[in-house]
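For reference, the structure discussed in these notes is given below.
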Amino acid sequence: MNRHKRCALKTLITTWNLIPWNKVYKRVRSLQRRIAKAISEGYRNKACALQWLLTHSFAAKLLAVKRVTENKGKNTPGVDGVLWKTSKDKLKATNSLIRQGYTVKPLRRVYIKKKNGKERPLGIPTMKDRAMQALFLSGLDPVSETTADFSSYGFRRKRSCHDAIARCYIHLSRNDSATWILEADIKGCFDNISHDWIINNILTDKRIVTKWLKAGFIDNNKLFPTKAGTPQGGIISPTIANMVLDGLEEAIYKCVNTRIRQYDGCRRNYHKIHFVRYADDFIVTGASEDILRNVVKPVIADFLNERGLTLSETKTKITDVYTGFDFLGQNIRKFSNGKLLIRPSKENFKAVLSKIKFIIIKHRGAPTVDLIHRLNSVITGWSNYHKRIVAAEYFVDLDRFIWFYLWKWAKRRHSNKGYYWIANKYFKKVGNRKWTFFGTFYNRTEILLKYASDTQIKRHVLINGKANPYCALWDKYYRRRFAMSLTA
């Protein structure tokens, strides 16, 4: 992008609602592709120069502000209490994203509950810091995608949990597949990453990254310094964490291959060692428990130690595939007949049941349409997540559970009415179903409760591990996958 084009775009924009976003996306995309190409060809200095151009581009600044003002955290302020809601605020914020004289404010510390009842700390940056992170992420993401591990699927464009589960199915479903699994858990991944390693190894503006890492956080009106880790809540943190763990797959295959040959003189494929990672959760398959414990686990520990990380001894375990294990909310288990089944995990199913029960109880006095709207979003989200695996029975059980609690909900609202009256008021026949829960809006239009069992089960097509969304050679491949997803 030359200087005249940048100036033309900046002078053209006077109102946020009239921004030509197609031109903005196109200009940013062009620089991102050049960065990815430079990295793939080994020209790191050229990539750094292109990152500089991108982070000083007015188009990239517009997209950064657009991202932080349209995501879920747009109404959550930082320590300064500032939000960007009006068009004037957004344009002013775009012009304020300047590297020179930029100072980072401390994070606002909040806590969210985990499944085990404990609390997880979350750091919330200010709007300006979030926008600056989004700006520099636009230059870092092409680097991350180009250098990422083949079997890494978390917090990456065009990849999802379904790809990680599909990779597990490929490595474990055959009759001669691995029968032992190393379930690895990193102890406080985001909180313990070495700052020195990030600054010395990640290709981005070291001065700006250092400011983010050393910003500290405010908890109960007290300022605390940060000596390690990346803030959970920062836009750029997942990408940084991914890049910290990138190379683990290659380290396992390379070092384990050497050690195994010294160990018993056999090749890697003989021991069926495969790696699948989603963010900081990963598994390693192996032909025997001995190989995973004495060869693979030490390699992982050494790799993580260089980055200031350690394995959790209590949560890291080696499991037989015939016993089964949980990964990304789904249970993977092979049975005695040699068939591998991937189903929703018990904990995940219990969690959605508890959530639905809580929603129904919370809406005891609410209009029926509000209850249906809230339940439909949960049913759709949960069933879409599990529609790529063996989940038909769970969908039926979910529908049965929902009907049972909706019937209790209806009887409680009309304790002085008969069952036939309640059934006619809240349930109707739709097709072959006689008990479809429904509600009526003020304009007399109806809304029906969705059935999880109506979700069609269809196996996910695994993405090519080499596919790069910033490389033009893969555009046709991504278009074809998108077309397939529309018919799935």
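Chain identifiers are assigned as A, B, and so on, following the order in which chains appear in the structure tokens; residues are numbered from 1 within each chain, and ligands are numbered from 1 in order of appearance.
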
Legend entry - Surrounding residues of region 301-316 of chain A excluding itself and chain neighbours under 3 positions, 12 Å, only C-alpha atoms, as a VMD selection string: chain A and resid 181 to 201 227 to 229 241 243 to 252 255 280 to 284 292 to 298 319 325

File of the preceding selection, C-alpha atoms, as a PDB file, in the first residue's frame:
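Output saved as part_27.pdb:
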```
ATOM      1  CA  ILE A 181      -3.010 -42.284  25.414  1.00  0.00           C
ATOM      2  CA  LEU A 182      -0.957 -39.676  27.250  1.00  0.00           C
ATOM      3  CA  GLU A 183      -3.415 -37.018  28.447  1.00  0.00           C
ATOM      4  CA  ALA A 184      -1.249 -33.982  29.136  1.00  0.00           C
ATOM      5  CA  ASP A 185      -2.260 -30.972  31.189  1.00  0.00           C
ATOM      6  CA  ILE A 186      -0.054 -27.885  31.499  1.00  0.00           C
ATOM      7  CA  LYS A 187      -0.051 -26.342  34.935  1.00  0.00           C
ATOM      8  CA  GLY A 188      -1.316 -22.742  34.630  1.00  0.00           C
ATOM      9  CA  CYS A 189      -0.311 -22.346  30.986  1.00  0.00           C
ATOM     10  CA  PHE A 190      -1.334 -18.720  30.499  1.00  0.00           C
ATOM     11  CA  ASP A 191      -0.054 -17.662  33.934  1.00  0.00           C
ATOM     12  CA  ASN A 192       3.450 -19.158  33.798  1.00  0.00           C
ATOM     13  CA  ILE A 193       4.828 -18.576  30.283  1.00  0.00           C
ATOM     14  CA  SER A 194       8.293 -17.068  30.435  1.00  0.00           C
ATOM     15  CA  HIS A 195       8.340 -13.389  29.430  1.00  0.00           C
ATOM     16  CA  ASP A 196      11.945 -13.650  28.261  1.00  0.00           C
ATOM     17  CA  TRP A 197      11.095 -16.513  25.930  1.00  0.00           C
ATOM     18  CA  ILE A 198       8.190 -14.577  24.403  1.00  0.00           C
ATOM     19  CA  ILE A 199      10.284 -11.438  23.850  1.00  0.00           C
ATOM     20  CA  ASN A 200      13.237 -13.333  22.358  1.00  0.00           C
ATOM     21  CA  ASN A 201      11.387 -15.803  20.112  1.00  0.00           C
ATOM     22  CA  LYS A 227       6.514 -11.452  36.295  1.00  0.00           C
ATOM     23  CA  ALA A 228       5.336 -14.281  34.031  1.00  0.00           C
ATOM     24  CA  GLY A 229       2.437 -15.328  31.814  1.00  0.00           C
ATOM     25  CA  ALA A 241       0.253 -19.075  23.817  1.00  0.00           C
ATOM     26  CA  MET A 243       3.237 -19.832  19.304  1.00  0.00           C
ATOM     27  CA  VAL A 244       4.854 -20.752  22.618  1.00  0.00           C
ATOM     28  CA  LEU A 245       3.636 -24.344  22.206  1.00  0.00           C
ATOM     29  CA  ASP A 246       4.312 -24.540  18.455  1.00  0.00           C
ATOM     30  CA  GLY A 247       7.211 -26.858  17.789  1.00  0.00           C
ATOM     31  CA  LEU A 248       6.135 -29.390  20.414  1.00  0.00           C
ATOM     32  CA  GLU A 249       4.862 -31.785  17.760  1.00  0.00           C
ATOM     33  CA  GLU A 250       8.149 -31.662  15.848  1.00  0.00           C
ATOM     34  CA  ALA A 251      10.148 -31.986  19.088  1.00  0.00           C
ATOM     35  CA  ILE A 252       8.236 -35.144  20.011  1.00  0.00           C
ATOM     36  CA  CYS A 255      13.620 -36.458  19.767  1.00  0.00           C
ATOM     37  CA  ASP A 280      -3.027 -25.986  25.781  1.00  0.00           C
ATOM     38  CA  ASP A 281      -4.874 -29.340  25.831  1.00  0.00           C
ATOM     39  CA  PHE A 282      -3.144 -32.123  23.946  1.00  0.00           C
ATOM     40  CA  ILE A 283      -2.824 -35.890  23.770  1.00  0.00           C
ATOM     41  CA  VAL A 284      -0.105 -38.221  22.491  1.00  0.00           C
ATOM     42  CA  LEU A 292       4.766 -42.833  26.653  1.00  0.00           C
ATOM     43  CA  ARG A 293       5.975 -42.721  30.242  1.00  0.00           C
ATOM     44  CA  ASN A 294       9.729 -43.158  29.756  1.00  0.00           C
ATOM     45  CA  VAL A 295      10.313 -41.568  26.351  1.00  0.00           C
ATOM     46  CA  VAL A 296       7.506 -39.191  25.344  1.00  0.00           C
ATOM     47  CA  LYS A 297       6.754 -37.568  28.701  1.00  0.00           C
ATOM     48  CA  PRO A 298      10.391 -36.492  29.392  1.00  0.00           C
ATOM     49  CA  THR A 319      -4.911 -44.133  29.805  1.00  0.00           C
ATOM     50  CA  PHE A 325     -10.756 -40.744  28.047  1.00  0.00           C
TER      51      PHE A 325
END
```

Inset, instruction - Among the residues of region 23-191 of chain A, find those DSSP assigns to alpha helix (DSSP H) from the backbone and print them as a ChimeraX atom specification. - result: /A:23-40,44-55,58-68,87-96,127-147,161-172,189-191

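Between CA of Ser138 (chain A) and CA of Lys61 (chain A) the interatomic distance comes to 9.6 Å.
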
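CA of Cys471 (chain A) sits 12.1 Å away from CA of Glu41 (chain A).
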
Inset, instruction - Write down as a ChimeraX atom specification the residues belonging to region 182-370 of chain A that are assigned strand (DSSP E or B) by DSSP computed on the backbone. - result: /A:182-186,217-219,222-224,232,234,274-278,281-286,311,317-320,325-327,330-334,340-344

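The spacing separating CA of Gln32 (chain A) from CA of Leu462 (chain A) amounts to 25.0 Å.
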
Check which residues of region 82-192 of chain A sit at most 10 Å from region 45-49 of chain A using only C-alpha atoms, and return one row each with the closest pair of atoms and their distance in Å to one decimal, ordered by chain and rising number, as CSV.
```
residue,atom,partner,partner_atom,distance
A:Gly139,CA,A:Cys48,CA,8.9
A:Leu140,CA,A:Cys48,CA,9.7
A:Pro142,CA,A:Ala47,CA,9.7
A:Val143,CA,A:Ala47,CA,8.4
```

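Neighbouring residues of region 123-136 of chain A at 7 Å or closer, counting only C-alpha atoms and skipping chain neighbours under 6 positions away, are Thr55, Ala60, Lys61, Ala64, Val65, Val68, Pro77, Gly78, Val79, Asp80, Val82, Leu83, Leu97, Val104, Leu107, Arg108, Arg109, Val110, Pro231, Gln232, Gly233, Gly234, Ile235 and Ile236 of chain A.
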
Any chance you can output those residues with N, CA and C atoms as a JSON list (two decimals), in the first residue's frame?
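In the end it all went to out.json:
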```json
[["chain", "number", "residue", "atom", "x", "y", "z"],
["A", 55, "THR", "N", 1.02, -2.42, 10.96],
["A", 55, "THR", "CA", 0.62, -1.83, 12.24],
["A", 55, "THR", "C", 0.55, -0.31, 12.19],
["A", 60, "ALA", "N", -5.69, -1.07, 8.92],
["A", 60, "ALA", "CA", -5.56, -2.05, 10.00],
["A", 60, "ALA", "C", -6.06, -1.47, 11.32],
["A", 61, "LYS", "N", -5.85, -0.18, 11.54],
["A", 61, "LYS", "CA", -6.34, 0.46, 12.76],
["A", 61, "LYS", "C", -7.87, 0.48, 12.78],
["A", 64, "ALA", "N", -9.00, -2.94, 13.74],
["A", 64, "ALA", "CA", -8.74, -3.20, 15.16],
["A", 64, "ALA", "C", -9.84, -2.59, 16.03],
["A", 65, "VAL", "N", -10.21, -1.35, 15.74],
["A", 65, "VAL", "CA", -11.28, -0.70, 16.50],
["A", 65, "VAL", "C", -12.62, -1.39, 16.24],
["A", 68, "VAL", "N", -12.83, -4.65, 18.46],
["A", 68, "VAL", "CA", -13.04, -4.51, 19.90],
["A", 68, "VAL", "C", -14.36, -3.83, 20.24],
["A", 77, "PRO", "N", -15.67, -2.45, 30.36],
["A", 77, "PRO", "CA", -14.55, -1.49, 30.38],
["A", 77, "PRO", "C", -13.36, -2.02, 31.16],
["A", 78, "GLY", "N", -12.21, -1.37, 30.97],
["A", 78, "GLY", "CA", -11.02, -1.68, 31.74],
["A", 78, "GLY", "C", -10.96, -0.84, 33.00],
["A", 79, "VAL", "N", -9.74, -0.61, 33.48],
["A", 79, "VAL", "CA", -9.59, 0.15, 34.74],
["A", 79, "VAL", "C", -9.99, 1.61, 34.58],
["A", 80, "ASP", "N", -9.97, 2.13, 33.35],
["A", 80, "ASP", "CA", -10.32, 3.54, 33.15],
["A", 80, "ASP", "C", -11.81, 3.76, 32.96],
["A", 82, "VAL", "N", -13.61, 3.41, 30.33],
["A", 82, "VAL", "CA", -13.93, 4.02, 29.03],
["A", 82, "VAL", "C", -14.47, 2.97, 28.07],
["A", 83, "LEU", "N", -15.55, 3.31, 27.36],
["A", 83, "LEU", "CA", -16.10, 2.49, 26.29],
["A", 83, "LEU", "C", -16.24, 3.33, 25.03],
["A", 97, "LEU", "N", -4.35, 5.25, 17.88],
["A", 97, "LEU", "CA", -3.54, 4.03, 17.91],
["A", 97, "LEU", "C", -2.16, 4.31, 17.30],
["A", 104, "VAL", "N", 0.77, 1.53, 28.44],
["A", 104, "VAL", "CA", -0.20, 0.48, 28.74],
["A", 104, "VAL", "C", -0.71, 0.65, 30.17],
["A", 107, "LEU", "N", -4.26, -4.17, 34.01],
["A", 107, "LEU", "CA", -5.46, -4.94, 33.73],
["A", 107, "LEU", "C", -6.42, -4.89, 34.91],
["A", 108, "ARG", "N", -7.69, -4.96, 34.62],
["A", 108, "ARG", "CA", -8.70, -5.08, 35.68],
["A", 108, "ARG", "C", -8.94, -6.55, 35.94],
["A", 109, "ARG", "N", -8.65, -7.00, 37.16],
["A", 109, "ARG", "CA", -8.74, -8.42, 37.49],
["A", 109, "ARG", "C", -10.16, -8.78, 37.93],
["A", 110, "VAL", "N", -10.71, -9.79, 37.25],
["A", 110, "VAL", "CA", -12.00, -10.37, 37.64],
["A", 110, "VAL", "C", -11.81, -11.88, 37.72],
["A", 231, "PRO", "N", -1.88, -12.32, 29.89],
["A", 231, "PRO", "CA", -3.18, -12.12, 30.53],
["A", 231, "PRO", "C", -4.30, -12.88, 29.83],
["A", 232, "GLN", "N", -5.06, -13.68, 30.59],
["A", 232, "GLN", "CA", -6.24, -14.33, 30.04],
["A", 232, "GLN", "C", -7.33, -13.28, 29.91],
["A", 233, "GLY", "N", -7.66, -12.92, 28.72],
["A", 233, "GLY", "CA", -8.60, -11.84, 28.45],
["A", 233, "GLY", "C", -8.06, -10.90, 27.40],
["A", 234, "GLY", "N", -6.74, -10.96, 27.17],
["A", 234, "GLY", "CA", -6.15, -10.16, 26.12],
["A", 234, "GLY", "C", -6.40, -10.79, 24.75],
["A", 235, "ILE", "N", -6.63, -9.97, 23.75],
["A", 235, "ILE", "CA", -6.96, -10.48, 22.42],
["A", 235, "ILE", "C", -5.79, -11.25, 21.81],
["A", 236, "ILE", "N", -4.58, -10.80, 22.09],
["A", 236, "ILE", "CA", -3.41, -11.40, 21.47],
["A", 236, "ILE", "C", -2.89, -12.59, 22.27]]
```

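Shortest separation to Ile359 (chain A) among A:Leu406, A:Lys105, A:Ser57, A:Arg388 occurs at residue A:Leu406, atoms counted being only C-alpha atoms.
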
Cut-off 12 Å: closest region 283-368 of chain A/region 444-457 of chain A atom pairs per residue, using only C-alpha atoms, as CSV:
```
residue,atom,partner,partner_atom,distance
A:Arg343,CA,A:Ile457,CA,11.7
A:Pro367,CA,A:Ile447,CA,12.0
A:Thr368,CA,A:Ile447,CA,9.3
```

Got time to write the residues from that selection, N, CA and C atoms, as a PDB file, in the first residue's frame?
```
ATOM      1  N   ARG A 343     -18.409 -40.034  21.881  1.00  0.00           N
ATOM      2  CA  ARG A 343     -19.711 -39.576  22.346  1.00  0.00           C
ATOM      3  C   ARG A 343     -19.535 -38.403  23.305  1.00  0.00           C
ATOM      4  N   PRO A 367     -42.512 -14.805  30.302  1.00  0.00           N
ATOM      5  CA  PRO A 367     -43.348 -15.231  29.167  1.00  0.00           C
ATOM      6  C   PRO A 367     -42.785 -16.481  28.506  1.00  0.00           C
ATOM      7  N   THR A 368     -43.675 -17.264  27.949  1.00  0.00           N
ATOM      8  CA  THR A 368     -43.270 -18.529  27.335  1.00  0.00           C
ATOM      9  C   THR A 368     -42.293 -18.320  26.190  1.00  0.00           C
TER      10      THR A 368
END
```

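Closest approach to Glu289 (chain A) among A:Arg120, A:His271, A:Arg400, A:Arg277 is made by A:His271 (distances from only C-alpha atoms).
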